Amino acid sequence: MYNDCFAYTTKLKQITDAGCLHHIQHGIEKESLRIAHSGDIAQTWHSELLGAALTHPYITTDYSEALLEFITPVFEDIDDMLSFLSELHRYTIQYLDNELLFCNSMPAILKDDDHIPIARYGSSNFGHIKHIYRVGLGYRYGKAMQTIAGIHYNFSLPTQFWDYVSYGNNPDKSAAEGYMALIRNFKRYSWLLIYLFGASPVVDGSFLRGKQHQLEKLGDDTFYSPWATSLRMSRIGYTNELQDQLNINYNSIDAYIKTLSAAVNTPHANYEKIGVKHVNQYRQLSCNILQIENEYYNSIRPKCIMRYNERPLDALSRTVEYVEVRCLDINPQLPLGIDSETACFLDVFLTFCAIVDSPVISSQENQIIRQNFQKVVMTGRKTKLRINTFNKGRLQRISLQKQGKFLLDKMSAIAEALDTVHHNTRYSESLQKQLNKINDINLIPSAQILNQVEENGNSFIKTILKLSEQHCQYFRNKPLPPEREQYFQQLAAQSHKDQQKIEAEDDIPLSEFLQCYLN
């Protein structure tokens with residue numbers, strides 16, 4: 001820990017006085033696996049009544065036809081954001097044909113790869129690219145990993161904010177470098193989010209088929225790690241050994257683009273063995289380490305809204321507009337998987353990461369960051385767990401509880417500032433709730449989920465099915481007002497028209513389109 005890391009009181013006052021905390025924006029992307037009441041992954045196609053997955057702005061699919069993805073617009077008000085997310089659930093539930101939305105990050109019962117239908121997006125070139133990319137993911141990492149669900153929290157600060165938190169000598173890149181500084185601090189402290197919000201300590205045995213693991217058996221078909229917080233973010237979840245070796249550089253936006261671009265353009269022997277095509281069927285977009293930038297799995301990403309047919313890295317070369325937090329588990333205890341208390345704390349946490357000093361990350365610190373993260377992922381509920389920090393450039397070991405309390409204490413000024421701006425006390429109250437979790441490990445979601453599984457005969461599927469049914473009924477009991485129902489029906493109809501228009505306008509072969517897209 002750097003001693004000067006928290007010398008930010010003056011800076012925070014300037015930011016607050018200038019009104020920079022008034023217009024923080026956020027949005028949510030939430031994945032939910034459609035399942036049968038038996039607990040098996042749904043074998044049905046994405047409902048046409050929900051719209052076209054290629055072009056609908058708010059309801060689409062992720063890897064699988066069965067893996068729904070809800071995307072909210074950008075809101076300044078947290079309650080408005082969560083209200084829209086609720087509407088997406090309420091609209092969708094009525095069109096699920098005797099199915100449920102599985103309310104957990106780790107998937108339901110998986111039979112084999114043939115029973116995990118890869119998402120399709122129509123006959124357009126762009127639709128084919130989205131499908132081929134997913135085919136490639138299946139070949140590279142296995143289909144089972146792609147059924148893991150999560151919540152992505154998109155967060156942006158007003159442009160004026162970066163006038164007071166400046167990085168680098170180029171004013172035109174102040175926001176981009178500011179967001180990269182935020183990301184560096186996020187990586188340093190994201191172990192805290194895993195402890196506070198990790199909610200996947202248990203998994204169904206079908207997910208582990210063919211995998212090497214060290215999980216313990218809890219029930220007939222249920223496995224767990226006794227002290228784990230988030231198996232989703234563990235070695236059996238959304239991590240990848242090859243990608244860990246990439247050493248993507250977050251010390252500047254240029255370094256990030258350069259190192260990620262190298263991965264997108266560097267062939268890998270394992271993927272060359274798969275081949276791009278086999279008997280005229282595409283297997284992947286390329287044989288490179290990454291097919292496209294989005295294949296890089298990480299707990300946070302810098303993002304910029306892309307123009308039509310623009311690649312993510314090309315967009316980032318213009319600027320960074322927001323960050324996408326990707327390490328949040330779905331909380332099975334909550335109908336939406338997330339609540340306002342969590343969102344308020346994320347705003348505090350991310351603002352904190354943007355304001356405090358953010359030195360560049362050395363190769364030594366990068367290793368420590370990874371070790372801390374995985375340590376809390378697998379043993380975060382272990383009493384007297386110690387993590388590593390820097391103090392005056394020297395490595396120190398400190399208990400998770402002590403370091404967690406230290407960080408939360410330093411965030412209190414930001415919570416109070418946000419309370420003042422929004423004329424409430426919800427940010428400080430959320431901070432206090434997180435402090436309570438530090439003081440009492442039984443309050444964190446991973447501990448509560450494990451207790452519920454044990455109460456339900458040590459059955460992961462039985463526990464999450466019961467919660468999924470409760471949440472489904474909760475949304476069914478809250479039908480949309482007629483005007484909102486009509487609004488979403490119109491969006492669905494328009495999405496089909498938009499997809500048809502894209503398909504009609506294709507005028508070059510897929511191979512030529514693919515070459516242009518990748519180059």
# chains A, B, ... in the order shown; residues from 1 in each chain; ligands from 1
call {"tool": "residues_around", "arguments": {"residues": "stretch 391-402 of chain A", "least_positions_apart": "6", "cutoff": "10 Å", "atoms": "only C-alpha atoms", "output": "ChimeraX atom specification"}}
result
/A:1-5,191-192,195,364-365,368,372,376,380-385,435,437-441
call {"tool": "closest_atom_pairs", "arguments": {"of": "stretch 54-117 of chain A", "to": "stretch 415-432 of chain A", "cutoff": "12 Å", "atoms": "only C-alpha atoms", "output": "JSON lines"}}
result
{"residue": "A:Glu76", "atom": "CA", "partner": "A:His422", "partner_atom": "CA", "distance": 10.8}
{"residue": "A:Asp77", "atom": "CA", "partner": "A:His422", "partner_atom": "CA", "distance": 9.5}
{"residue": "A:Ile78", "atom": "CA", "partner": "A:His422", "partner_atom": "CA", "distance": 10.9}
{"residue": "A:Asp79", "atom": "CA", "partner": "A:Arg426", "partner_atom": "CA", "distance": 11.7}
call {"tool": "closest_atom_pairs", "arguments": {"of": "stretch 157-275 of chain A", "to": "stretch 139-149 of chain A", "cutoff": "10 Å", "atoms": "only C-alpha atoms", "output": "tab-separated table"}}
result
residue	atom	partner	partner_atom	distance
A:Ser206	CA	A:Ala144	CA	9.2
A:Phe207	CA	A:Ala144	CA	6.4
A:Leu208	CA	A:Ala144	CA	8.7
A:Arg209	CA	A:Ala144	CA	9.1
A:Arg232	CA	A:Ile148	CA	7.1
A:Met233	CA	A:Ile148	CA	9.9
A:Ile236	CA	A:Met145	CA	8.0
A:Gly237	CA	A:Met145	CA	6.3
A:Tyr238	CA	A:Met145	CA	7.0
A:Thr239	CA	A:Met145	CA	9.5
A:Asn240	CA	A:Tyr141	CA	8.3
A:Asn270	CA	A:Arg140	CA	8.6
A:Tyr271	CA	A:Arg140	CA	7.3
A:Ile274	CA	A:Tyr139	CA	7.5
call {"tool": "write_last_selection", "arguments": {"atoms": "C-alpha atoms", "output": "compact mmCIF listing (two decimals), in the first residue's frame"}}
result
# COMPACT_ATOMS: atom_id res chain seq x y z
CA SER A 206 -22.44 -31.81 -14.18
CA PHE A 207 -20.41 -28.63 -14.70
CA LEU A 208 -17.25 -30.42 -13.58
CA ARG A 209 -17.55 -33.29 -16.05
CA ARG A 232 -17.31 -18.21 -11.10
CA MET A 233 -14.08 -16.22 -10.88
CA ILE A 236 -12.74 -23.63 -13.02
CA GLY A 237 -14.79 -20.57 -13.95
CA TYR A 238 -14.05 -17.46 -15.99
CA THR A 239 -10.29 -17.61 -15.93
CA ASN A 240 -7.87 -18.90 -18.52
CA ASN A 270 -3.28 -24.77 -30.12
CA TYR A 271 -5.79 -22.73 -32.09
CA ILE A 274 -8.42 -26.28 -34.55
call {"tool": "residues_around", "arguments": {"residues": "A:Ile257", "least_positions_apart": "6", "cutoff": "8 Å", "atoms": "only C-alpha atoms", "output": "VMD selection string"}}
result
chain A and resid 313 316 to 317
call {"tool": "write_last_selection", "arguments": {"atoms": "C-alpha atoms", "output": "compact mmCIF listing (two decimals), in the first residue's frame"}}
result
# COMPACT_ATOMS: atom_id res chain seq x y z
CA LEU A 313 -9.73 -1.16 -29.84
CA LEU A 316 -10.65 3.09 -27.48
CA SER A 317 -7.99 4.82 -29.57
call {"tool": "residues_around", "arguments": {"residues": "A:Ile502", "least_positions_apart": "4", "cutoff": "9 Å", "atoms": "only C-alpha atoms", "output": "PyMOL selection string"}}
result
chain A and resi 124-126+497-498+506
call {"tool": "write_last_selection", "arguments": {"atoms": "N, CA and C atoms", "output": "PDB file, in the first residue's frame"}}
result
ATOM      1  N   SER A 124     -27.373 -12.542 -41.757  1.00  0.00           N
ATOM      2  CA  SER A 124     -26.492 -11.447 -42.179  1.00  0.00           C
ATOM      3  C   SER A 124     -25.040 -11.799 -41.890  1.00  0.00           C
ATOM      4  N   ASN A 125     -24.135 -11.112 -42.563  1.00  0.00           N
ATOM      5  CA  ASN A 125     -22.707 -11.337 -42.306  1.00  0.00           C
ATOM      6  C   ASN A 125     -22.350 -11.074 -40.853  1.00  0.00           C
ATOM      7  N   PHE A 126     -22.866  -9.984 -40.314  1.00  0.00           N
ATOM      8  CA  PHE A 126     -22.555  -9.649 -38.930  1.00  0.00           C
ATOM      9  C   PHE A 126     -23.147 -10.693 -37.979  1.00  0.00           C
ATOM     10  N   LYS A 497     -37.570  -5.953 -37.786  1.00  0.00           N
ATOM     11  CA  LYS A 497     -37.435  -5.148 -39.002  1.00  0.00           C
ATOM     12  C   LYS A 497     -35.980  -4.733 -39.217  1.00  0.00           C
ATOM     13  N   ASP A 498     -35.316  -4.355 -38.128  1.00  0.00           N
ATOM     14  CA  ASP A 498     -33.916  -3.929 -38.230  1.00  0.00           C
ATOM     15  C   ASP A 498     -33.031  -5.086 -38.694  1.00  0.00           C
ATOM     16  N   ASP A 506     -26.810  -6.780 -47.092  1.00  0.00           N
ATOM     17  CA  ASP A 506     -25.531  -7.473 -47.306  1.00  0.00           C
ATOM     18  C   ASP A 506     -25.245  -7.602 -48.804  1.00  0.00           C
TER      19      ASP A 506
END
call {"tool": "closest_atom_pairs", "arguments": {"of": "stretch 354-415 of chain A", "to": "stretch 210-225 of chain A", "cutoff": "10 Å", "atoms": "only C-alpha atoms", "output": "Markdown table"}}
result
| residue | atom | partner | partner_atom | distance |
| --- | --- | --- | --- | --- |
| A:Val377 | CA | A:Ser225 | CA | 9.9 |
| A:Met378 | CA | A:Ser225 | CA | 7.0 |
| A:Thr379 | CA | A:Ser225 | CA | 8.1 |
call {"tool": "select_by_dssp", "arguments": {"residues": "stretch 291-518 of chain A", "states": "strand (DSSP E or B)", "output": "number ranges by chain"}}
result
A: 300-303, 322-328, 386-391, 394-399
call {"tool": "write_last_selection", "arguments": {"atoms": "C-alpha atoms", "output": "mmCIF file, in the first residue's frame"}}
result
data_model
loop_
_atom_site.group_PDB
_atom_site.id
_atom_site.type_symbol
_atom_site.label_atom_id
_atom_site.label_comp_id
_atom_site.auth_asym_id
_atom_site.auth_seq_id
_atom_site.Cartn_x
_atom_site.Cartn_y
_atom_site.Cartn_z
ATOM 1 C CA ILE A 300 -12.919 -4.864 -15.637
ATOM 2 C CA ARG A 301 -12.680 -3.314 -19.111
ATOM 3 C CA PRO A 302 -12.267 0.216 -20.464
ATOM 4 C CA LYS A 303 -15.076 0.846 -22.963
ATOM 5 C CA TYR A 322 -16.825 4.247 -19.187
ATOM 6 C CA VAL A 323 -15.667 1.097 -17.433
ATOM 7 C CA GLU A 324 -17.405 -2.259 -17.397
ATOM 8 C CA VAL A 325 -17.092 -4.131 -14.078
ATOM 9 C CA ARG A 326 -17.307 -7.854 -14.830
ATOM 10 C CA CYS A 327 -16.554 -9.670 -11.558
ATOM 11 C CA LEU A 328 -20.013 -9.515 -9.964
ATOM 12 C CA ARG A 386 -3.939 -12.594 4.963
ATOM 13 C CA ILE A 387 -3.329 -10.750 1.712
ATOM 14 C CA ASN A 388 -0.313 -8.883 0.376
ATOM 15 C CA THR A 389 -0.077 -5.097 0.020
ATOM 16 C CA PHE A 390 2.574 -2.506 -0.721
ATOM 17 C CA ASN A 391 3.610 0.094 1.855
ATOM 18 C CA ARG A 394 7.677 -2.696 0.390
ATOM 19 C CA LEU A 395 5.618 -5.856 0.489
ATOM 20 C CA GLN A 396 3.525 -6.462 3.612
ATOM 21 C CA ARG A 397 1.099 -9.174 4.660
ATOM 22 C CA ILE A 398 -2.065 -8.038 6.396
ATOM 23 C CA SER A 399 -5.343 -9.666 7.384
#
call {"tool": "residues_around", "arguments": {"residues": "A:Ile129", "least_positions_apart": "2", "cutoff": "12 Å", "atoms": "only C-alpha atoms", "output": "PyMOL selection string"}}
result
chain A and resi 54+119-127+131-136+282-286+291-292+309+510-518
call {"tool": "select_by_dssp", "arguments": {"residues": "stretch 86-282 of chain A", "states": "helix (DSSP H, G or I)", "output": "PyMOL selection string"}}
result
chain A and resi 86-93+113-115+125-141+144-147+159-163+171-197+205-208+231-233+241-244+253-265+269-274
call {"tool": "closest_residue", "arguments": {"among": "A:Ala228, A:Cys353, A:Cys103, A:Leu290", "to": "A:Gly198", "atoms": "only C-alpha atoms"}}
result
A:Ala228
call {"tool": "atom_distance", "arguments": {"atom1": "atom CA of A:Gly337", "atom2": "atom CA of A:Ala413"}}
result
27.8 Å
call {"tool": "residues_around", "arguments": {"residues": "A:Tyr95", "least_positions_apart": "4", "cutoff": "8 Å", "atoms": "only C-alpha atoms", "output": "PyMOL selection string"}}
result
chain A and resi 47+49-50+91
call {"tool": "closest_residue", "arguments": {"among": "A:Ser299, A:Pro509, A:Leu96, A:Pro312", "to": "A:Ala36", "atoms": "only C-alpha atoms"}}
result
A:Leu96
call {"tool": "atom_distance", "arguments": {"atom1": "atom CA of A:Glu65", "atom2": "atom CA of A:Lys130"}}
result
12.3 Å
call {"tool": "closest_atom_pairs", "arguments": {"of": "stretch 307-353 of chain A", "to": "stretch 445-450 of chain A", "cutoff": "12 Å", "atoms": "only C-alpha atoms", "output": "CSV"}}
result
residue,atom,partner,partner_atom,distance
A:Leu328,CA,A:Pro445,CA,11.7
A:Asp329,CA,A:Pro445,CA,9.7
A:Ile330,CA,A:Pro445,CA,10.0
A:Asn331,CA,A:Pro445,CA,7.0
A:Pro332,CA,A:Ile449,CA,7.8
A:Gln333,CA,A:Ile449,CA,8.0
A:Leu334,CA,A:Pro445,CA,10.4
A:Gly337,CA,A:Pro445,CA,11.2
A:Ile338,CA,A:Pro445,CA,11.4
A:Thr342,CA,A:Pro445,CA,11.7
call {"tool": "write_last_selection", "arguments": {"atoms": "N, CA, C and O atoms", "output": "short mmCIF file (atom, residue, chain, number, x, y, z; two decimals), in the first residue's frame"}}
result
data_model
loop_
_atom_site.label_atom_id
_atom_site.label_comp_id
_atom_site.auth_asym_id
_atom_site.auth_seq_id
_atom_site.Cartn_x
_atom_site.Cartn_y
_atom_site.Cartn_z
N LEU A 328 -18.89 -9.37 -10.89
CA LEU A 328 -20.01 -9.52 -9.96
C LEU A 328 -20.80 -10.79 -10.23
O LEU A 328 -21.29 -11.01 -11.33
N ASP A 329 -20.94 -11.61 -9.20
CA ASP A 329 -21.83 -12.75 -9.27
C ASP A 329 -23.28 -12.30 -9.20
O ASP A 329 -23.59 -11.25 -8.60
N ILE A 330 -24.16 -13.10 -9.77
CA ILE A 330 -25.59 -12.93 -9.51
C ILE A 330 -25.86 -13.36 -8.07
O ILE A 330 -25.43 -14.44 -7.65
N ASN A 331 -26.53 -12.53 -7.31
CA ASN A 331 -26.91 -12.91 -5.95
C ASN A 331 -28.24 -13.65 -6.01
O ASN A 331 -29.27 -13.03 -6.28
N PRO A 332 -28.26 -14.97 -5.77
CA PRO A 332 -29.50 -15.74 -5.93
C PRO A 332 -30.60 -15.35 -4.96
O PRO A 332 -31.76 -15.70 -5.17
N GLN A 333 -30.23 -14.62 -3.92
CA GLN A 333 -31.22 -14.23 -2.92
C GLN A 333 -32.06 -13.03 -3.35
O GLN A 333 -33.07 -12.72 -2.72
N LEU A 334 -31.64 -12.36 -4.43
CA LEU A 334 -32.31 -11.15 -4.89
C LEU A 334 -33.01 -11.40 -6.21
O LEU A 334 -32.42 -11.99 -7.11
N GLY A 337 -30.92 -10.15 -8.84
CA GLY A 337 -29.53 -10.56 -8.73
C GLY A 337 -28.62 -9.47 -8.20
O GLY A 337 -27.44 -9.70 -7.92
N ILE A 338 -29.14 -8.27 -8.07
CA ILE A 338 -28.42 -7.11 -7.58
C ILE A 338 -29.46 -6.16 -6.99
O ILE A 338 -30.63 -6.21 -7.37
N THR A 342 -26.07 -2.63 -3.26
CA THR A 342 -24.86 -3.03 -3.98
C THR A 342 -24.44 -1.93 -4.96
O THR A 342 -23.26 -1.58 -5.05
#
call {"tool": "atom_distance", "arguments": {"atom1": "atom CA of A:Ala108", "atom2": "atom CA of A:Phe488"}}
result
28.3 Å
call {"tool": "residues_around", "arguments": {"residues": "stretch 18-22 of chain A", "least_positions_apart": "3", "cutoff": "7 Å", "atoms": "only C-alpha atoms", "output": "number ranges by chain"}}
result
A: 14-15, 158, 160-161, 418, 421
call {"tool": "write_last_selection", "arguments": {"atoms": "all heavy atoms", "output": "short mmCIF file (atom, residue, chain, number, x, y, z; two decimals), in the first residue's frame"}}
result
data_model
loop_
_atom_site.label_atom_id
_atom_site.label_comp_id
_atom_site.auth_asym_id
_atom_site.auth_seq_id
_atom_site.Cartn_x
_atom_site.Cartn_y
_atom_site.Cartn_z
N GLN A 14 -12.79 19.55 -3.98
CA GLN A 14 -12.88 20.29 -5.25
C GLN A 14 -13.89 19.63 -6.20
O GLN A 14 -14.70 20.32 -6.84
CB GLN A 14 -11.50 20.34 -5.91
CG GLN A 14 -10.48 21.20 -5.19
CD GLN A 14 -9.10 21.09 -5.81
OE1 GLN A 14 -8.77 20.11 -6.47
NE2 GLN A 14 -8.27 22.11 -5.60
N ILE A 15 -13.83 18.33 -6.29
CA ILE A 15 -14.72 17.59 -7.17
C ILE A 15 -16.17 17.77 -6.73
O ILE A 15 -17.07 17.99 -7.55
CB ILE A 15 -14.32 16.09 -7.19
CG1 ILE A 15 -13.01 15.92 -7.94
CG2 ILE A 15 -15.42 15.22 -7.81
CD1 ILE A 15 -12.38 14.55 -7.76
N PRO A 158 -18.72 12.12 -15.08
CA PRO A 158 -18.88 13.24 -16.02
C PRO A 158 -17.52 13.76 -16.50
O PRO A 158 -16.52 13.69 -15.78
CB PRO A 158 -19.62 14.30 -15.19
CG PRO A 158 -19.40 13.91 -13.77
CD PRO A 158 -19.25 12.42 -13.75
N GLN A 160 -16.31 16.61 -16.75
CA GLN A 160 -15.72 17.64 -15.89
C GLN A 160 -14.88 17.04 -14.77
O GLN A 160 -13.94 17.66 -14.27
CB GLN A 160 -16.84 18.51 -15.31
CG GLN A 160 -16.36 19.70 -14.50
CD GLN A 160 -17.50 20.42 -13.80
OE1 GLN A 160 -18.63 19.91 -13.75
NE2 GLN A 160 -17.24 21.60 -13.25
N PHE A 161 -15.24 15.83 -14.34
CA PHE A 161 -14.52 15.16 -13.26
C PHE A 161 -13.03 15.10 -13.54
O PHE A 161 -12.19 15.31 -12.65
CB PHE A 161 -15.10 13.75 -13.09
CG PHE A 161 -14.44 12.93 -12.01
CD1 PHE A 161 -14.96 12.91 -10.72
CD2 PHE A 161 -13.31 12.16 -12.28
CE1 PHE A 161 -14.36 12.14 -9.73
CE2 PHE A 161 -12.72 11.39 -11.30
CZ PHE A 161 -13.24 11.38 -10.02
N LEU A 418 -21.49 11.70 -1.69
CA LEU A 418 -22.58 11.23 -2.54
C LEU A 418 -23.93 11.36 -1.83
O LEU A 418 -24.95 11.67 -2.46
CB LEU A 418 -22.33 9.78 -2.98
CG LEU A 418 -21.23 9.61 -4.02
CD1 LEU A 418 -20.85 8.14 -4.17
CD2 LEU A 418 -21.66 10.17 -5.37
N VAL A 421 -24.89 15.01 -2.21
CA VAL A 421 -25.31 15.31 -3.58
C VAL A 421 -26.72 14.81 -3.85
O VAL A 421 -27.53 15.48 -4.51
CB VAL A 421 -24.31 14.68 -4.58
CG1 VAL A 421 -24.89 14.64 -5.98
CG2 VAL A 421 -23.00 15.46 -4.58
#
call {"tool": "decode", "arguments": {"residues": "stretch 13-36 of chain A", "atoms": "N, CA, C and O atoms", "output": "PDB file, in the first residue's frame"}}
result
ATOM      1  N   LYS A  13     -12.921  17.377  -2.190  1.00  0.00           N
ATOM      2  CA  LYS A  13     -13.700  18.604  -1.933  1.00  0.00           C
ATOM      3  C   LYS A  13     -13.860  19.422  -3.210  1.00  0.00           C
ATOM      4  O   LYS A  13     -14.946  19.932  -3.503  1.00  0.00           O
ATOM      5  N   GLN A  14     -12.793  19.549  -3.984  1.00  0.00           N
ATOM      6  CA  GLN A  14     -12.880  20.291  -5.249  1.00  0.00           C
ATOM      7  C   GLN A  14     -13.890  19.633  -6.199  1.00  0.00           C
ATOM      8  O   GLN A  14     -14.703  20.316  -6.835  1.00  0.00           O
ATOM      9  N   ILE A  15     -13.826  18.331  -6.288  1.00  0.00           N
ATOM     10  CA  ILE A  15     -14.724  17.587  -7.171  1.00  0.00           C
ATOM     11  C   ILE A  15     -16.171  17.766  -6.730  1.00  0.00           C
ATOM     12  O   ILE A  15     -17.069  17.992  -7.548  1.00  0.00           O
ATOM     13  N   THR A  16     -16.396  17.667  -5.440  1.00  0.00           N
ATOM     14  CA  THR A  16     -17.756  17.798  -4.903  1.00  0.00           C
ATOM     15  C   THR A  16     -18.285  19.211  -5.101  1.00  0.00           C
ATOM     16  O   THR A  16     -19.422  19.409  -5.546  1.00  0.00           O
ATOM     17  N   ASP A  17     -17.449  20.207  -4.765  1.00  0.00           N
ATOM     18  CA  ASP A  17     -17.868  21.606  -4.901  1.00  0.00           C
ATOM     19  C   ASP A  17     -18.175  21.960  -6.358  1.00  0.00           C
ATOM     20  O   ASP A  17     -19.047  22.799  -6.638  1.00  0.00           O
ATOM     21  N   ALA A  18     -17.486  21.320  -7.289  1.00  0.00           N
ATOM     22  CA  ALA A  18     -17.696  21.611  -8.711  1.00  0.00           C
ATOM     23  C   ALA A  18     -18.919  20.872  -9.277  1.00  0.00           C
ATOM     24  O   ALA A  18     -19.258  21.049 -10.446  1.00  0.00           O
ATOM     25  N   GLY A  19     -19.561  20.077  -8.454  1.00  0.00           N
ATOM     26  CA  GLY A  19     -20.754  19.357  -8.898  1.00  0.00           C
ATOM     27  C   GLY A  19     -20.457  18.136  -9.743  1.00  0.00           C
ATOM     28  O   GLY A  19     -21.337  17.634 -10.452  1.00  0.00           O
ATOM     29  N   CYS A  20     -19.226  17.615  -9.669  1.00  0.00           N
ATOM     30  CA  CYS A  20     -18.831  16.498 -10.535  1.00  0.00           C
ATOM     31  C   CYS A  20     -19.465  15.167 -10.137  1.00  0.00           C
ATOM     32  O   CYS A  20     -19.411  14.212 -10.910  1.00  0.00           O
ATOM     33  N   LEU A  21     -20.016  15.096  -8.938  1.00  0.00           N
ATOM     34  CA  LEU A  21     -20.631  13.841  -8.505  1.00  0.00           C
ATOM     35  C   LEU A  21     -22.124  13.795  -8.791  1.00  0.00           C
ATOM     36  O   LEU A  21     -22.789  12.813  -8.474  1.00  0.00           O
ATOM     37  N   HIS A  22     -22.650  14.864  -9.392  1.00  0.00           N
ATOM     38  CA  HIS A  22     -24.091  14.920  -9.680  1.00  0.00           C
ATOM     39  C   HIS A  22     -24.488  14.009 -10.835  1.00  0.00           C
ATOM     40  O   HIS A  22     -25.612  13.532 -10.882  1.00  0.00           O
ATOM     41  N   HIS A  23     -23.587  13.792 -11.763  1.00  0.00           N
ATOM     42  CA  HIS A  23     -23.983  13.156 -13.015  1.00  0.00           C
ATOM     43  C   HIS A  23     -23.225  11.865 -13.309  1.00  0.00           C
ATOM     44  O   HIS A  23     -22.884  11.587 -14.449  1.00  0.00           O
ATOM     45  N   ILE A  24     -22.965  11.097 -12.269  1.00  0.00           N
ATOM     46  CA  ILE A  24     -22.427   9.753 -12.473  1.00  0.00           C
ATOM     47  C   ILE A  24     -23.484   8.934 -13.200  1.00  0.00           C
ATOM     48  O   ILE A  24     -24.671   9.001 -12.889  1.00  0.00           O
ATOM     49  N   GLN A  25     -23.049   8.142 -14.164  1.00  0.00           N
ATOM     50  CA  GLN A  25     -23.993   7.337 -14.939  1.00  0.00           C
ATOM     51  C   GLN A  25     -23.679   5.853 -14.788  1.00  0.00           C
ATOM     52  O   GLN A  25     -22.522   5.465 -14.618  1.00  0.00           O
ATOM     53  N   HIS A  26     -24.735   5.050 -14.866  1.00  0.00           N
ATOM     54  CA  HIS A  26     -24.547   3.613 -14.739  1.00  0.00           C
ATOM     55  C   HIS A  26     -25.561   2.857 -15.567  1.00  0.00           C
ATOM     56  O   HIS A  26     -26.635   3.349 -15.899  1.00  0.00           O
ATOM     57  N   GLY A  27     -25.199   1.626 -15.887  1.00  0.00           N
ATOM     58  CA  GLY A  27     -26.094   0.702 -16.568  1.00  0.00           C
ATOM     59  C   GLY A  27     -25.715  -0.714 -16.181  1.00  0.00           C
ATOM     60  O   GLY A  27     -24.626  -0.960 -15.651  1.00  0.00           O
ATOM     61  N   ILE A  28     -26.609  -1.643 -16.439  1.00  0.00           N
ATOM     62  CA  ILE A  28     -26.381  -3.036 -16.052  1.00  0.00           C
ATOM     63  C   ILE A  28     -26.586  -3.951 -17.250  1.00  0.00           C
ATOM     64  O   ILE A  28     -27.507  -3.756 -18.047  1.00  0.00           O
ATOM     65  N   GLU A  29     -25.710  -4.927 -17.382  1.00  0.00           N
ATOM     66  CA  GLU A  29     -25.902  -6.045 -18.297  1.00  0.00           C
ATOM     67  C   GLU A  29     -25.984  -7.301 -17.431  1.00  0.00           C
ATOM     68  O   GLU A  29     -25.048  -7.593 -16.676  1.00  0.00           O
ATOM     69  N   LYS A  30     -27.105  -8.015 -17.531  1.00  0.00           N
ATOM     70  CA  LYS A  30     -27.282  -9.196 -16.675  1.00  0.00           C
ATOM     71  C   LYS A  30     -27.612 -10.416 -17.517  1.00  0.00           C
ATOM     72  O   LYS A  30     -28.519 -10.388 -18.337  1.00  0.00           O
ATOM     73  N   GLU A  31     -26.850 -11.472 -17.316  1.00  0.00           N
ATOM     74  CA  GLU A  31     -27.089 -12.736 -18.011  1.00  0.00           C
ATOM     75  C   GLU A  31     -27.939 -13.651 -17.128  1.00  0.00           C
ATOM     76  O   GLU A  31     -27.760 -13.676 -15.914  1.00  0.00           O
ATOM     77  N   SER A  32     -28.826 -14.397 -17.764  1.00  0.00           N
ATOM     78  CA  SER A  32     -29.686 -15.342 -17.037  1.00  0.00           C
ATOM     79  C   SER A  32     -29.920 -16.564 -17.918  1.00  0.00           C
ATOM     80  O   SER A  32     -30.391 -16.439 -19.051  1.00  0.00           O
ATOM     81  N   LEU A  33     -29.611 -17.732 -17.396  1.00  0.00           N
ATOM     82  CA  LEU A  33     -29.765 -18.975 -18.139  1.00  0.00           C
ATOM     83  C   LEU A  33     -31.209 -19.462 -18.062  1.00  0.00           C
ATOM     84  O   LEU A  33     -31.772 -19.611 -16.978  1.00  0.00           O
ATOM     85  N   ARG A  34     -31.819 -19.681 -19.236  1.00  0.00           N
ATOM     86  CA  ARG A  34     -33.175 -20.252 -19.256  1.00  0.00           C
ATOM     87  C   ARG A  34     -33.082 -21.751 -18.973  1.00  0.00           C
ATOM     88  O   ARG A  34     -32.249 -22.452 -19.552  1.00  0.00           O
ATOM     89  N   ILE A  35     -33.951 -22.220 -18.092  1.00  0.00           N
ATOM     90  CA  ILE A  35     -33.916 -23.638 -17.727  1.00  0.00           C
ATOM     91  C   ILE A  35     -35.328 -24.211 -17.687  1.00  0.00           C
ATOM     92  O   ILE A  35     -36.314 -23.485 -17.543  1.00  0.00           O
ATOM     93  N   ALA A  36     -35.416 -25.539 -17.794  1.00  0.00           N
ATOM     94  CA  ALA A  36     -36.669 -26.248 -17.557  1.00  0.00           C
ATOM     95  C   ALA A  36     -36.863 -26.401 -16.052  1.00  0.00           C
ATOM     96  O   ALA A  36     -35.920 -26.224 -15.269  1.00  0.00           O
TER      97      ALA A  36
END
